[in-house]
file coords_19.tsv (TSV, C-alpha atoms)
chain	number	residue	atom	x	y	z
A	15	MET	CA	105.50	47.83	-53.85
A	16	ASN	CA	107.79	44.88	-54.32
A	17	ALA	CA	108.45	44.51	-50.60
A	18	LEU	CA	104.85	43.50	-50.04
A	19	MET	CA	104.85	40.68	-52.56
A	20	PRO	CA	106.32	37.21	-52.33
A	21	LEU	CA	109.82	37.25	-53.83
A	22	ILE	CA	110.43	34.94	-56.75
A	23	ASP	CA	113.87	33.69	-57.68
A	24	SER	CA	113.55	33.20	-61.41
A	25	ALA	CA	116.74	31.14	-61.51
A	26	LYS	CA	115.19	28.53	-59.20
A	27	CYS	CA	111.61	28.63	-60.51
A	28	GLN	CA	110.79	25.60	-62.65
A	29	GLY	CA	107.38	26.90	-63.63
A	30	CYS	CA	105.45	23.99	-62.08
A	31	GLY	CA	102.67	26.41	-61.14
A	32	LEU	CA	101.79	24.82	-57.78
A	33	CYS	CA	102.06	28.22	-56.05
A	34	VAL	CA	99.72	29.76	-58.60
A	35	GLU	CA	97.22	26.96	-58.03
A	36	ILE	CA	97.09	27.40	-54.26
A	37	CYS	CA	97.24	31.21	-54.15
A	38	THR	CA	93.81	32.26	-52.88
A	39	CYS	CA	94.49	35.99	-53.37
A	40	GLY	CA	95.16	35.82	-57.11
A	41	VAL	CA	98.51	37.55	-56.65
A	42	LEU	CA	100.60	34.87	-58.36
A	43	THR	CA	100.18	34.27	-62.06
A	44	MET	CA	102.07	32.38	-64.72
A	45	VAL	CA	103.59	34.53	-67.46
A	46	ASP	CA	105.52	32.76	-70.21
A	47	GLY	CA	106.12	29.72	-68.02
A	48	MET	CA	107.43	31.82	-65.13
A	49	VAL	CA	105.64	32.70	-61.90
A	50	THR	CA	105.04	36.40	-61.48
A	51	ALA	CA	103.66	38.30	-58.48
A	52	ARG	CA	101.25	41.11	-59.25
A	53	ASN	CA	99.02	43.35	-57.23
A	54	GLY	CA	100.80	42.68	-53.94
A	55	GLY	CA	98.27	44.71	-51.99
A	56	LYS	CA	95.93	41.74	-52.27
A	57	CYS	CA	98.47	39.32	-50.81
A	58	GLY	CA	97.41	38.04	-47.38
A	59	TRP	CA	100.97	36.82	-46.64
A	60	CYS	CA	99.74	33.33	-45.80
A	61	THR	CA	103.19	32.07	-46.99
A	62	MET	CA	101.67	28.90	-48.43
A	63	CYS	CA	103.40	29.60	-51.76
A	64	GLU	CA	106.75	29.54	-49.97
A	65	LEU	CA	105.81	26.27	-48.27
A	66	VAL	CA	104.61	24.50	-51.40
A	67	CYS	CA	107.44	25.49	-53.74
A	68	PRO	CA	109.49	22.35	-54.41
A	69	THR	CA	112.61	24.31	-55.39
A	70	GLY	CA	112.61	27.05	-52.75
A	71	ALA	CA	112.12	29.70	-55.42
A	72	ILE	CA	109.59	31.74	-53.43
A	73	SER	CA	110.23	33.54	-50.23
A	74	CYS	CA	107.93	35.57	-48.02
A	75	PRO	CA	110.23	37.45	-45.66
A	76	PHE	CA	109.06	39.02	-42.41
A	77	GLU	CA	110.52	42.27	-41.24
A	78	ILE	CA	111.47	41.91	-37.58
A	79	VAL	CA	110.99	45.09	-35.57
A	80	ILE	CA	110.60	46.14	-31.98
A	81	GLU	CA	107.41	47.88	-30.91
A	82	ASP	CA	107.67	51.63	-30.98
A	83	ILE	CA	106.63	52.62	-27.46
A	84	ASP	CA	106.70	56.39	-27.93
B	25	MET	CA	90.04	9.97	-68.47
B	26	ALA	CA	92.51	7.09	-68.92
B	27	ILE	CA	94.91	6.39	-66.10
B	28	GLN	CA	98.46	7.43	-67.04
B	29	THR	CA	100.78	4.45	-66.72
B	30	GLU	CA	103.78	6.78	-67.02
B	31	PHE	CA	102.69	8.57	-63.86
B	32	LEU	CA	102.31	5.28	-61.96
B	33	ARG	CA	105.70	4.04	-63.14
B	34	LYS	CA	107.41	7.04	-61.48
B	35	LEU	CA	105.78	6.48	-58.08
B	36	PRO	CA	108.03	4.95	-55.39
B	37	TYR	CA	105.22	2.46	-54.64
B	38	PHE	CA	105.61	0.86	-58.04
B	39	SER	CA	109.33	1.19	-58.52
B	40	GLY	CA	110.91	-1.85	-60.13
B	41	LEU	CA	107.71	-3.17	-61.73
B	42	ASP	CA	107.90	-4.01	-65.42
B	43	SER	CA	105.50	-2.65	-68.02
B	44	SER	CA	103.06	-5.57	-67.87
B	45	ALA	CA	102.84	-5.29	-64.08
B	46	ILE	CA	102.23	-1.54	-64.31
B	47	GLU	CA	99.50	-2.22	-66.87
B	48	ALA	CA	97.92	-4.72	-64.48
B	49	VAL	CA	98.09	-2.27	-61.56
B	50	THR	CA	96.40	0.40	-63.69
B	51	LYS	CA	93.20	-1.65	-63.70
B	52	TYR	CA	92.85	-1.11	-59.95
B	53	VAL	CA	93.39	2.66	-60.07
B	54	PHE	CA	90.49	5.09	-60.12
B	55	GLU	CA	90.55	8.81	-60.74
B	56	LYS	CA	89.01	11.35	-58.40
B	57	LYS	CA	88.77	15.09	-58.90
B	58	ALA	CA	88.19	17.74	-56.25
B	59	GLU	CA	87.78	21.48	-56.17
B	60	ARG	CA	89.77	23.90	-54.04
B	61	GLY	CA	88.69	23.67	-50.43
B	62	GLU	CA	87.05	20.26	-50.74
B	63	ARG	CA	87.63	17.90	-47.81
B	64	LEU	CA	89.21	14.66	-48.92
B	65	ALA	CA	89.61	13.01	-45.54
B	66	LEU	CA	88.42	13.74	-42.02
B	67	GLU	CA	90.32	13.00	-38.84
B	68	GLU	CA	89.14	9.80	-37.12
B	69	GLU	CA	86.94	8.71	-40.01
B	70	PRO	CA	87.65	5.35	-41.64
B	71	SER	CA	89.63	5.40	-44.85
B	72	HIS	CA	89.07	2.98	-47.66
B	73	ALA	CA	91.58	4.15	-50.25
B	74	LEU	CA	95.11	5.37	-50.69
B	75	TYR	CA	95.48	8.49	-52.86
B	76	PHE	CA	98.27	9.77	-55.07
B	77	VAL	CA	98.21	13.43	-56.09
B	78	VAL	CA	98.44	13.69	-59.89
B	79	SER	CA	98.01	17.47	-60.09
B	80	GLY	CA	97.36	20.23	-57.60
B	81	VAL	CA	98.17	20.38	-53.90
B	82	VAL	CA	96.56	18.68	-50.89
B	83	LYS	CA	96.96	19.91	-47.33
B	84	VAL	CA	97.19	17.28	-44.57
B	85	PHE	CA	96.48	18.75	-41.15
B	86	ARG	CA	95.23	18.16	-37.65
B	87	THR	CA	92.84	20.39	-35.79
B	88	SER	CA	93.26	21.05	-32.07
B	89	ALA	CA	90.38	21.11	-29.58
B	90	ASP	CA	90.27	24.92	-29.79
B	91	GLY	CA	90.03	24.78	-33.58
B	92	ARG	CA	93.62	25.65	-34.45
B	93	GLU	CA	94.99	23.98	-37.53
B	94	GLN	CA	98.44	22.44	-37.72
B	95	ILE	CA	99.63	21.61	-41.21
B	96	LEU	CA	101.58	18.37	-41.16
B	97	ARG	CA	102.41	18.15	-44.85
B	98	LEU	CA	101.56	19.64	-48.21
B	99	ILE	CA	101.18	16.82	-50.71
B	100	ARG	CA	102.50	17.68	-54.15
B	101	PRO	CA	102.11	15.77	-57.43
B	102	GLY	CA	103.72	12.33	-57.19
B	103	GLU	CA	103.20	12.08	-53.43
B	104	CYS	CA	100.50	10.19	-51.56
B	105	PHE	CA	98.31	10.45	-48.49
B	106	ASN	CA	96.07	8.17	-46.41
B	107	GLU	CA	98.67	5.42	-46.46
B	108	VAL	CA	98.69	4.76	-42.71
B	109	PRO	CA	94.95	4.31	-42.08
B	110	VAL	CA	94.59	2.19	-45.22
B	111	PHE	CA	97.10	-0.32	-43.91
B	112	SER	CA	96.34	-0.10	-40.20
B	113	GLY	CA	92.57	-0.19	-40.59
B	114	SER	CA	92.30	2.64	-38.06
B	115	GLY	CA	90.64	5.99	-38.66
B	116	ASN	CA	92.40	8.83	-40.46
B	117	LEU	CA	95.27	10.26	-38.44
B	118	ALA	CA	94.71	13.66	-40.02
B	119	SER	CA	92.33	15.55	-42.28
B	120	ALA	CA	93.09	16.30	-45.92
B	121	GLN	CA	91.81	19.20	-48.01
B	122	ALA	CA	92.41	20.29	-51.60
B	123	MET	CA	94.30	23.59	-51.75
B	124	SER	CA	93.69	23.91	-55.48
B	125	PRO	CA	91.70	21.94	-58.03
B	126	VAL	CA	93.22	18.48	-57.72
B	127	VAL	CA	93.30	15.23	-59.63
B	128	LEU	CA	93.95	12.14	-57.55
B	129	TYR	CA	94.57	8.51	-58.35
B	130	GLY	CA	93.10	6.22	-55.72
B	131	ILE	CA	93.51	2.53	-54.95
B	132	ARG	CA	91.01	0.85	-52.65
B	133	LYS	CA	92.32	-1.09	-49.67
B	134	LYS	CA	91.24	-4.50	-50.95
B	135	ASP	CA	92.74	-3.82	-54.39
B	136	LEU	CA	95.99	-2.71	-52.80
B	137	GLU	CA	96.10	-6.01	-50.93
B	138	THR	CA	95.60	-7.87	-54.21
B	139	ILE	CA	98.42	-5.88	-55.85
B	140	ILE	CA	100.76	-6.63	-52.93
B	141	GLN	CA	99.99	-10.34	-53.07
B	142	THR	CA	100.58	-10.44	-56.81
B	143	TYR	CA	103.71	-8.27	-56.82
B	144	PRO	CA	105.72	-8.67	-53.58
B	145	GLN	CA	108.11	-5.95	-54.81
B	146	VAL	CA	105.32	-3.48	-54.06
B	147	ALA	CA	105.34	-4.61	-50.42
B	148	MET	CA	109.06	-3.87	-50.21
B	149	ASN	CA	108.51	-0.46	-51.81
B	150	ILE	CA	105.72	0.34	-49.35
B	151	ILE	CA	107.94	-0.63	-46.40
B	152	GLN	CA	110.54	1.84	-47.67
B	153	VAL	CA	107.98	4.62	-48.14
B	154	LEU	CA	106.46	4.06	-44.70
B	155	SER	CA	109.89	3.89	-43.07
B	156	ARG	CA	110.70	7.31	-44.48
B	157	ARG	CA	107.36	8.62	-43.23
B	158	ILE	CA	108.11	7.29	-39.73
B	159	GLN	CA	111.48	9.05	-39.77
B	160	GLU	CA	109.82	12.33	-40.77
B	161	LEU	CA	107.10	11.96	-38.16
B	162	VAL	CA	109.54	11.14	-35.37
B	163	MET	CA	111.41	14.35	-36.19
B	164	LEU	CA	108.15	16.26	-36.19
B	165	VAL	CA	107.14	14.78	-32.83
B	166	GLU	CA	110.50	15.84	-31.45
B	167	ASP	CA	109.88	19.36	-32.69
B	168	PHE	CA	106.42	19.44	-31.15
B	169	SER	CA	108.01	19.13	-27.74
B	170	PHE	CA	107.07	22.61	-28.33
B	171	ARG	CA	108.39	25.01	-25.76
B	172	HIS	CA	111.70	23.94	-27.08
B	173	VAL	CA	111.10	25.38	-30.54
B	174	SER	CA	109.42	28.52	-29.13
B	175	GLY	CA	112.51	29.15	-27.04
B	176	ARG	CA	114.87	28.73	-29.95
B	177	LEU	CA	112.70	30.93	-32.14
B	178	ALA	CA	112.50	33.60	-29.41
B	179	LYS	CA	116.29	33.66	-29.28
B	180	ILE	CA	116.52	34.09	-33.06
B	181	LEU	CA	113.98	36.93	-33.06
B	182	LEU	CA	115.86	38.74	-30.29
B	183	LYS	CA	119.13	38.43	-32.16
B	184	TYR	CA	117.58	39.76	-35.33
B	185	VAL	CA	115.63	42.57	-33.73
B	186	ASP	CA	118.85	43.84	-32.16
B	187	HIS	CA	120.53	43.61	-35.50
B	188	ALA	CA	117.60	45.44	-37.09
B	189	VAL	CA	117.92	48.30	-34.61
B	190	ALA	CA	121.61	48.58	-35.45
B	191	THR	CA	121.35	48.24	-39.22
B	192	GLY	CA	117.91	49.61	-39.93
B	193	GLY	CA	116.00	46.51	-40.96
B	194	MET	CA	116.29	42.75	-41.03
B	195	LYS	CA	114.11	40.28	-42.83
B	196	LEU	CA	113.69	36.57	-42.34
B	197	THR	CA	111.49	33.99	-44.02
B	198	GLN	CA	109.84	31.19	-42.06
B	199	GLN	CA	112.08	28.78	-43.96
B	200	GLU	CA	115.16	30.64	-42.73
B	201	MET	CA	113.80	30.68	-39.17
B	202	ALA	CA	113.21	26.92	-39.44
B	203	SER	CA	116.75	26.31	-40.66
B	204	MET	CA	118.22	28.42	-37.86
B	205	ALA	CA	116.05	26.78	-35.19
B	206	GLY	CA	116.80	23.33	-36.59
B	207	THR	CA	113.15	22.50	-37.08
B	208	ALA	CA	110.64	21.86	-39.83
B	209	ARG	CA	109.16	24.82	-41.72
B	210	GLU	CA	105.68	23.62	-40.74
B	211	VAL	CA	106.50	24.01	-37.05
B	212	VAL	CA	107.61	27.63	-37.29
B	213	GLY	CA	104.16	29.04	-38.09
B	214	ARG	CA	102.73	27.36	-35.02
B	215	ALA	CA	105.62	28.52	-32.82
B	216	LEU	CA	105.12	32.11	-33.99
B	217	LYS	CA	101.41	31.86	-33.17
B	218	SER	CA	102.34	30.55	-29.73
B	219	LEU	CA	104.68	33.50	-29.11
B	220	GLU	CA	101.89	35.82	-30.22
B	221	THR	CA	99.38	34.14	-27.89
B	222	GLU	CA	101.83	34.60	-25.03
B	223	GLY	CA	101.98	38.32	-25.81
B	224	ALA	CA	105.65	38.45	-26.74
B	225	ILE	CA	105.17	39.36	-30.39
B	226	ARG	CA	102.49	40.52	-32.81
B	227	ILE	CA	102.31	39.27	-36.38
B	228	GLU	CA	101.28	41.99	-38.84
B	229	ARG	CA	101.08	40.60	-42.33
B	230	ASN	CA	104.77	40.68	-43.32
B	231	ARG	CA	106.08	42.07	-40.04
B	232	ILE	CA	106.88	40.47	-36.72
B	233	VAL	CA	106.69	43.09	-34.02
B	234	VAL	CA	108.37	42.34	-30.69
B	235	THR	CA	105.83	43.77	-28.25
B	236	ASP	CA	107.28	42.51	-24.98
B	237	ARG	CA	111.01	42.07	-25.05
B	238	ARG	CA	111.24	40.90	-21.44
B	239	LYS	CA	108.72	38.15	-22.09
B	240	LEU	CA	110.54	37.09	-25.25
B	241	GLU	CA	113.80	36.94	-23.32
B	242	ALA	CA	112.13	34.82	-20.65
B	243	ILE	CA	110.81	32.40	-23.28
B	244	ALA	CA	114.29	32.29	-24.80
B	245	GLY	CA	115.58	31.28	-21.38
B	246	LEU	CA	117.90	34.27	-21.14
B	247	TYR	CA	117.04	34.94	-17.52

call {"tool": "encode", "arguments": {"input": "coords_19.tsv", "output": "structure tokens"}}
result
Amino acid sequence: MNALMPLIDSAKCQGCGLCVEICTCGVLTMVDGMVTARNGGKCGWCTMCELVCPTGAISCPFEIVIEDID
Amino acid sequence: MAIQTEFLRKLPYFSGLDSSAIEAVTKYVFEKKAERGERLALEEEPSHALYFVVSGVVKVFRTSADGREQILRLIRPGECFNEVPVFSGSGNLASAQAMSPVVLYGIRKKDLETIIQTYPQVAMNIIQVLSRRIQELVMLVEDFSFRHVSGRLAKILLKYVDHAVATGGMKLTQQEMASMAGTAREVVGRALKSLETEGAIRIERNRIVVTDRRKLEAIAGLY
């Protein structure tokens, strides 16, 4: 499920690998010099990859919803 | 492992030094390695060296009395930490921890003083670096006048949740929230936690659930 993984903008990614280094869930890996997100179910959504990326290539969006009170 | 002069040459601290000066500075630099999770500095403890991150990422943070962590900066390759306590002689202003395996270059306080005395250009460079840090910190202090940011963030969440009801789903990153609230990305995580503690929202992995709209409106200053 792509929605549950950090989103990677391949046009912005410079392949520095900092996000891969700090990812404690093992979701981000480097494939052919490009960061790839795999196995999103493991992702704890700490958003540190988004914070560390020097080019803003990673985003971890939050869905904003109102509590269902039914 | 030999110290890389090319790396040192690119650091703002040593900008403008010629090759022989860089070579001379290299003699004062030592390498330090750390594993993920290793503490590199502790709040209040004395600091005897300035560190540059060569590879990996270091988290600089403060811990509140109730144990909550506030990240002040992530230090990437080419950036440094511990600069303030090294020059002021005070204890560390914040703690530092390796977020990945890291390689650091360190310079001890007394060696840094020798370098500055030998190459006054380094003193000018350091003034520039520290001036930028003060600017950043002043902005951060402003943002930590905290209710302020919580209120702005509450307003943004209300706007987006209404939009989500109308359109069937809205998503925002913390970076986008920071840009909209006119604050630093680092502040948003703490503001969200604060809204959660106050019972206005609940954070569920990649969802922000508005649990008490009235409370969120009150925090936003809407009534």

call {"tool": "atom_distance", "arguments": {"input": "coords_19.tsv", "atom1": "atom CA of Cys30 of chain A", "atom2": "atom CA of Leu98 of chain B"}}
result
15.0 Å

call {"tool": "closest_atom_pairs", "arguments": {"input": "coords_19.tsv", "of": "chain B", "to": "chain A", "cutoff": "9 Å", "atoms": "all atoms listed in the file", "output": "CSV"}}
result
residue,atom,partner,partner_atom,distance
B:Arg60,CA,A:Ile36,CA,8.1
B:Ser79,CA,A:Leu32,CA,8.6
B:Gly80,CA,A:Leu32,CA,6.4
B:Val81,CA,A:Leu32,CA,6.9
B:Leu98,CA,A:Val66,CA,6.6
B:Ile99,CA,A:Val66,CA,8.4
B:Arg100,CA,A:Val66,CA,7.7
B:Ala122,CA,A:Ile36,CA,8.9
B:Met123,CA,A:Ile36,CA,5.3
B:Ser124,CA,A:Ile36,CA,5.0
B:Pro125,CA,A:Glu35,CA,7.5
B:Leu181,CA,A:Ile78,CA,7.2
B:Tyr184,CA,A:Ile78,CA,6.9
B:Val185,CA,A:Val79,CA,5.6
B:Asp186,CA,A:Ile80,CA,8.6
B:Ala188,CA,A:Val79,CA,6.8
B:Val189,CA,A:Val79,CA,7.7
B:Gly193,CA,A:Glu77,CA,6.9
B:Met194,CA,A:Glu77,CA,5.8
B:Lys195,CA,A:Glu77,CA,4.4
B:Leu196,CA,A:Pro75,CA,4.9
B:Thr197,CA,A:Pro75,CA,4.0
B:Gln198,CA,A:Pro75,CA,7.2
B:Gln199,CA,A:Leu65,CA,8.0
B:Glu200,CA,A:Pro75,CA,8.9
B:Arg209,CA,A:Leu65,CA,7.5
B:Glu210,CA,A:Leu65,CA,8.0
B:Ile225,CA,A:Glu81,CA,8.8
B:Arg229,CA,A:Trp59,CA,5.7
B:Asn230,CA,A:Phe76,CA,4.7
B:Arg231,CA,A:Glu77,CA,4.6
B:Ile232,CA,A:Ile78,CA,4.9
B:Val233,CA,A:Val79,CA,5.0
B:Val234,CA,A:Ile80,CA,4.6
B:Thr235,CA,A:Glu81,CA,5.1
B:Asp236,CA,A:Glu81,CA,8.0
B:Arg237,CA,A:Ile80,CA,8.0

call {"tool": "residues_around", "arguments": {"input": "coords_19.tsv", "residues": "Phe85 of chain B", "least_positions_apart": "6", "cutoff": "6 Å", "atoms": "only C-alpha atoms", "output": "list in words"}}
result
Gln94, Ile95, Leu96, Ala118 and Ser119 of chain B

call {"tool": "residues_near_point", "arguments": {"input": "coords_19.tsv", "point": "(102.0, -0.8, -52.1)", "cutoff": "7 Å", "atoms": "all atoms listed in the file", "output": "ChimeraX atom specification"}}
result
/B:37,136,140,146-147,149-150

call {"tool": "write_last_selection", "arguments": {"input": "coords_19.tsv", "atoms": "C-alpha atoms", "output": "CSV table (one decimal), in the frame of the given file"}}
result
chain,number,residue,atom,x,y,z
B,37,TYR,CA,105.2,2.5,-54.6
B,136,LEU,CA,96.0,-2.7,-52.8
B,140,ILE,CA,100.8,-6.6,-52.9
B,146,VAL,CA,105.3,-3.5,-54.1
B,147,ALA,CA,105.3,-4.6,-50.4
B,149,ASN,CA,108.5,-0.5,-51.8
B,150,ILE,CA,105.7,0.3,-49.4

call {"tool": "atom_distance", "arguments": {"input": "coords_19.tsv", "atom1": "atom CA of Ala120 of chain B", "atom2": "atom CA of Ile22 of chain A"}}
result
27.7 Å

call {"tool": "atom_distance", "arguments": {"input": "coords_19.tsv", "atom1": "atom CA of Met148 of chain B", "atom2": "atom CA of Cys104 of chain B"}}
result
16.5 Å

call {"tool": "closest_residue", "arguments": {"input": "coords_19.tsv", "among": "B:Ala89, B:Ala208, B:Ala73, B:Gln145", "to": "Asp42 of chain B", "atoms": "only C-alpha atoms"}}
result
B:Gln145

call {"tool": "residues_around", "arguments": {"input": "coords_19.tsv", "residues": "Ala215 of chain B", "least_positions_apart": "6", "cutoff": "12 Å", "atoms": "all atoms listed in the file", "output": "PyMOL selection string"}}
result
chain B and resi 94+167-178+181+198+201-202+205+207-209+221-222+224-225+227+243

call {"tool": "axis_aligned_box", "arguments": {"input": "coords_19.tsv", "around": "segment 61-78 of chain A", "padding_each_side": "8 Å", "output": "lines of an AutoDock Vina configuration file"}}
result
center_x = 107.1
center_y = 32.3
center_z = -46.5
size_x = 26.9
size_y = 35.9
size_z = 33.8

call {"tool": "closest_residue", "arguments": {"input": "coords_19.tsv", "among": "A:Cys63, A:Cys39, A:Met48, A:Asn53", "to": "Ser24 of chain A", "atoms": "all atoms listed in the file"}}
result
A:Met48

call {"tool": "closest_residue", "arguments": {"input": "coords_19.tsv", "among": "B:Tyr75, B:Thr50, B:Val108, B:Gly213", "to": "Arg157 of chain B", "atoms": "only C-alpha atoms"}}
result
B:Val108

call {"tool": "decode", "arguments": {"input": "coords_19.tsv", "residues": "segment 112-139 of chain B", "atoms": "N, CA and C atoms", "output": "PDB file, in the first residue's frame"}}
result
ATOM      1  N   SER B 112      32.169  28.989  24.858  1.00  0.00           N
ATOM      2  CA  SER B 112      31.719  29.693  26.068  1.00  0.00           C
ATOM      3  C   SER B 112      32.307  29.081  27.328  1.00  0.00           C
ATOM      4  N   GLY B 113      32.713  27.818  27.242  1.00  0.00           N
ATOM      5  CA  GLY B 113      33.238  27.145  28.423  1.00  0.00           C
ATOM      6  C   GLY B 113      32.135  26.660  29.349  1.00  0.00           C
ATOM      7  N   SER B 114      30.888  26.856  28.936  1.00  0.00           N
ATOM      8  CA  SER B 114      29.756  26.381  29.748  1.00  0.00           C
ATOM      9  C   SER B 114      29.478  24.913  29.404  1.00  0.00           C
ATOM     10  N   GLY B 115      28.468  24.348  30.064  1.00  0.00           N
ATOM     11  CA  GLY B 115      28.087  22.978  29.752  1.00  0.00           C
ATOM     12  C   GLY B 115      27.349  22.929  28.424  1.00  0.00           C
ATOM     13  N   ASN B 116      27.103  21.710  27.942  1.00  0.00           N
ATOM     14  CA  ASN B 116      26.368  21.555  26.684  1.00  0.00           C
ATOM     15  C   ASN B 116      24.966  22.147  26.808  1.00  0.00           C
ATOM     16  N   LEU B 117      24.553  22.867  25.796  1.00  0.00           N
ATOM     17  CA  LEU B 117      23.209  23.447  25.794  1.00  0.00           C
ATOM     18  C   LEU B 117      22.172  22.378  25.463  1.00  0.00           C
ATOM     19  N   ALA B 118      22.624  21.326  24.785  1.00  0.00           N
ATOM     20  CA  ALA B 118      21.699  20.285  24.354  1.00  0.00           C
ATOM     21  C   ALA B 118      22.446  18.951  24.315  1.00  0.00           C
ATOM     22  N   SER B 119      21.689  17.879  24.196  1.00  0.00           N
ATOM     23  CA  SER B 119      22.308  16.562  24.032  1.00  0.00           C
ATOM     24  C   SER B 119      22.452  16.265  22.545  1.00  0.00           C
ATOM     25  N   ALA B 120      23.357  15.353  22.228  1.00  0.00           N
ATOM     26  CA  ALA B 120      23.532  14.934  20.835  1.00  0.00           C
ATOM     27  C   ALA B 120      23.615  13.421  20.788  1.00  0.00           C
ATOM     28  N   GLN B 121      22.974  12.837  19.780  1.00  0.00           N
ATOM     29  CA  GLN B 121      22.926  11.381  19.654  1.00  0.00           C
ATOM     30  C   GLN B 121      23.043  11.002  18.175  1.00  0.00           C
ATOM     31  N   ALA B 122      23.784   9.939  17.905  1.00  0.00           N
ATOM     32  CA  ALA B 122      23.925   9.465  16.524  1.00  0.00           C
ATOM     33  C   ALA B 122      22.622   8.801  16.079  1.00  0.00           C
ATOM     34  N   MET B 123      22.102   9.210  14.928  1.00  0.00           N
ATOM     35  CA  MET B 123      20.882   8.592  14.397  1.00  0.00           C
ATOM     36  C   MET B 123      21.198   7.491  13.406  1.00  0.00           C
ATOM     37  N   SER B 124      22.458   7.343  13.108  1.00  0.00           N
ATOM     38  CA  SER B 124      22.935   6.312  12.181  1.00  0.00           C
ATOM     39  C   SER B 124      24.395   6.088  12.565  1.00  0.00           C
ATOM     40  N   PRO B 125      25.059   5.115  11.985  1.00  0.00           N
ATOM     41  CA  PRO B 125      26.515   5.072  12.216  1.00  0.00           C
ATOM     42  C   PRO B 125      27.111   6.392  11.722  1.00  0.00           C
ATOM     43  N   VAL B 126      27.942   7.018  12.541  1.00  0.00           N
ATOM     44  CA  VAL B 126      28.479   8.316  12.122  1.00  0.00           C
ATOM     45  C   VAL B 126      30.007   8.345  12.210  1.00  0.00           C
ATOM     46  N   VAL B 127      30.574   9.166  11.363  1.00  0.00           N
ATOM     47  CA  VAL B 127      31.999   9.498  11.452  1.00  0.00           C
ATOM     48  C   VAL B 127      32.070  10.998  11.708  1.00  0.00           C
ATOM     49  N   LEU B 128      32.818  11.357  12.739  1.00  0.00           N
ATOM     50  CA  LEU B 128      32.960  12.764  13.104  1.00  0.00           C
ATOM     51  C   LEU B 128      34.425  13.170  13.024  1.00  0.00           C
ATOM     52  N   TYR B 129      34.646  14.439  12.719  1.00  0.00           N
ATOM     53  CA  TYR B 129      35.964  15.019  12.907  1.00  0.00           C
ATOM     54  C   TYR B 129      35.846  15.964  14.100  1.00  0.00           C
ATOM     55  N   GLY B 130      36.750  15.821  15.050  1.00  0.00           N
ATOM     56  CA  GLY B 130      36.710  16.674  16.227  1.00  0.00           C
ATOM     57  C   GLY B 130      37.956  17.543  16.316  1.00  0.00           C
ATOM     58  N   ILE B 131      37.789  18.695  16.947  1.00  0.00           N
ATOM     59  CA  ILE B 131      38.946  19.547  17.269  1.00  0.00           C
ATOM     60  C   ILE B 131      38.799  19.959  18.728  1.00  0.00           C
ATOM     61  N   ARG B 132      39.812  19.674  19.525  1.00  0.00           N
ATOM     62  CA  ARG B 132      39.742  20.014  20.947  1.00  0.00           C
ATOM     63  C   ARG B 132      39.810  21.530  21.141  1.00  0.00           C
ATOM     64  N   LYS B 133      39.219  21.964  22.223  1.00  0.00           N
ATOM     65  CA  LYS B 133      39.112  23.400  22.514  1.00  0.00           C
ATOM     66  C   LYS B 133      40.470  24.107  22.435  1.00  0.00           C
ATOM     67  N   LYS B 134      41.469  23.534  23.067  1.00  0.00           N
ATOM     68  CA  LYS B 134      42.773  24.217  23.108  1.00  0.00           C
ATOM     69  C   LYS B 134      43.410  24.256  21.705  1.00  0.00           C
ATOM     70  N   ASP B 135      43.156  23.215  20.923  1.00  0.00           N
ATOM     71  CA  ASP B 135      43.703  23.204  19.555  1.00  0.00           C
ATOM     72  C   ASP B 135      42.980  24.215  18.667  1.00  0.00           C
ATOM     73  N   LEU B 136      41.683  24.357  18.926  1.00  0.00           N
ATOM     74  CA  LEU B 136      40.905  25.339  18.170  1.00  0.00           C
ATOM     75  C   LEU B 136      41.427  26.745  18.461  1.00  0.00           C
ATOM     76  N   GLU B 137      41.783  26.978  19.720  1.00  0.00           N
ATOM     77  CA  GLU B 137      42.329  28.291  20.089  1.00  0.00           C
ATOM     78  C   GLU B 137      43.663  28.536  19.383  1.00  0.00           C
ATOM     79  N   THR B 138      44.472  27.485  19.283  1.00  0.00           N
ATOM     80  CA  THR B 138      45.750  27.612  18.574  1.00  0.00           C
ATOM     81  C   THR B 138      45.512  27.937  17.100  1.00  0.00           C
ATOM     82  N   ILE B 139      44.547  27.244  16.495  1.00  0.00           N
ATOM     83  CA  ILE B 139      44.241  27.476  15.070  1.00  0.00           C
ATOM     84  C   ILE B 139      43.795  28.925  14.855  1.00  0.00           C
TER      85      ILE B 139
END
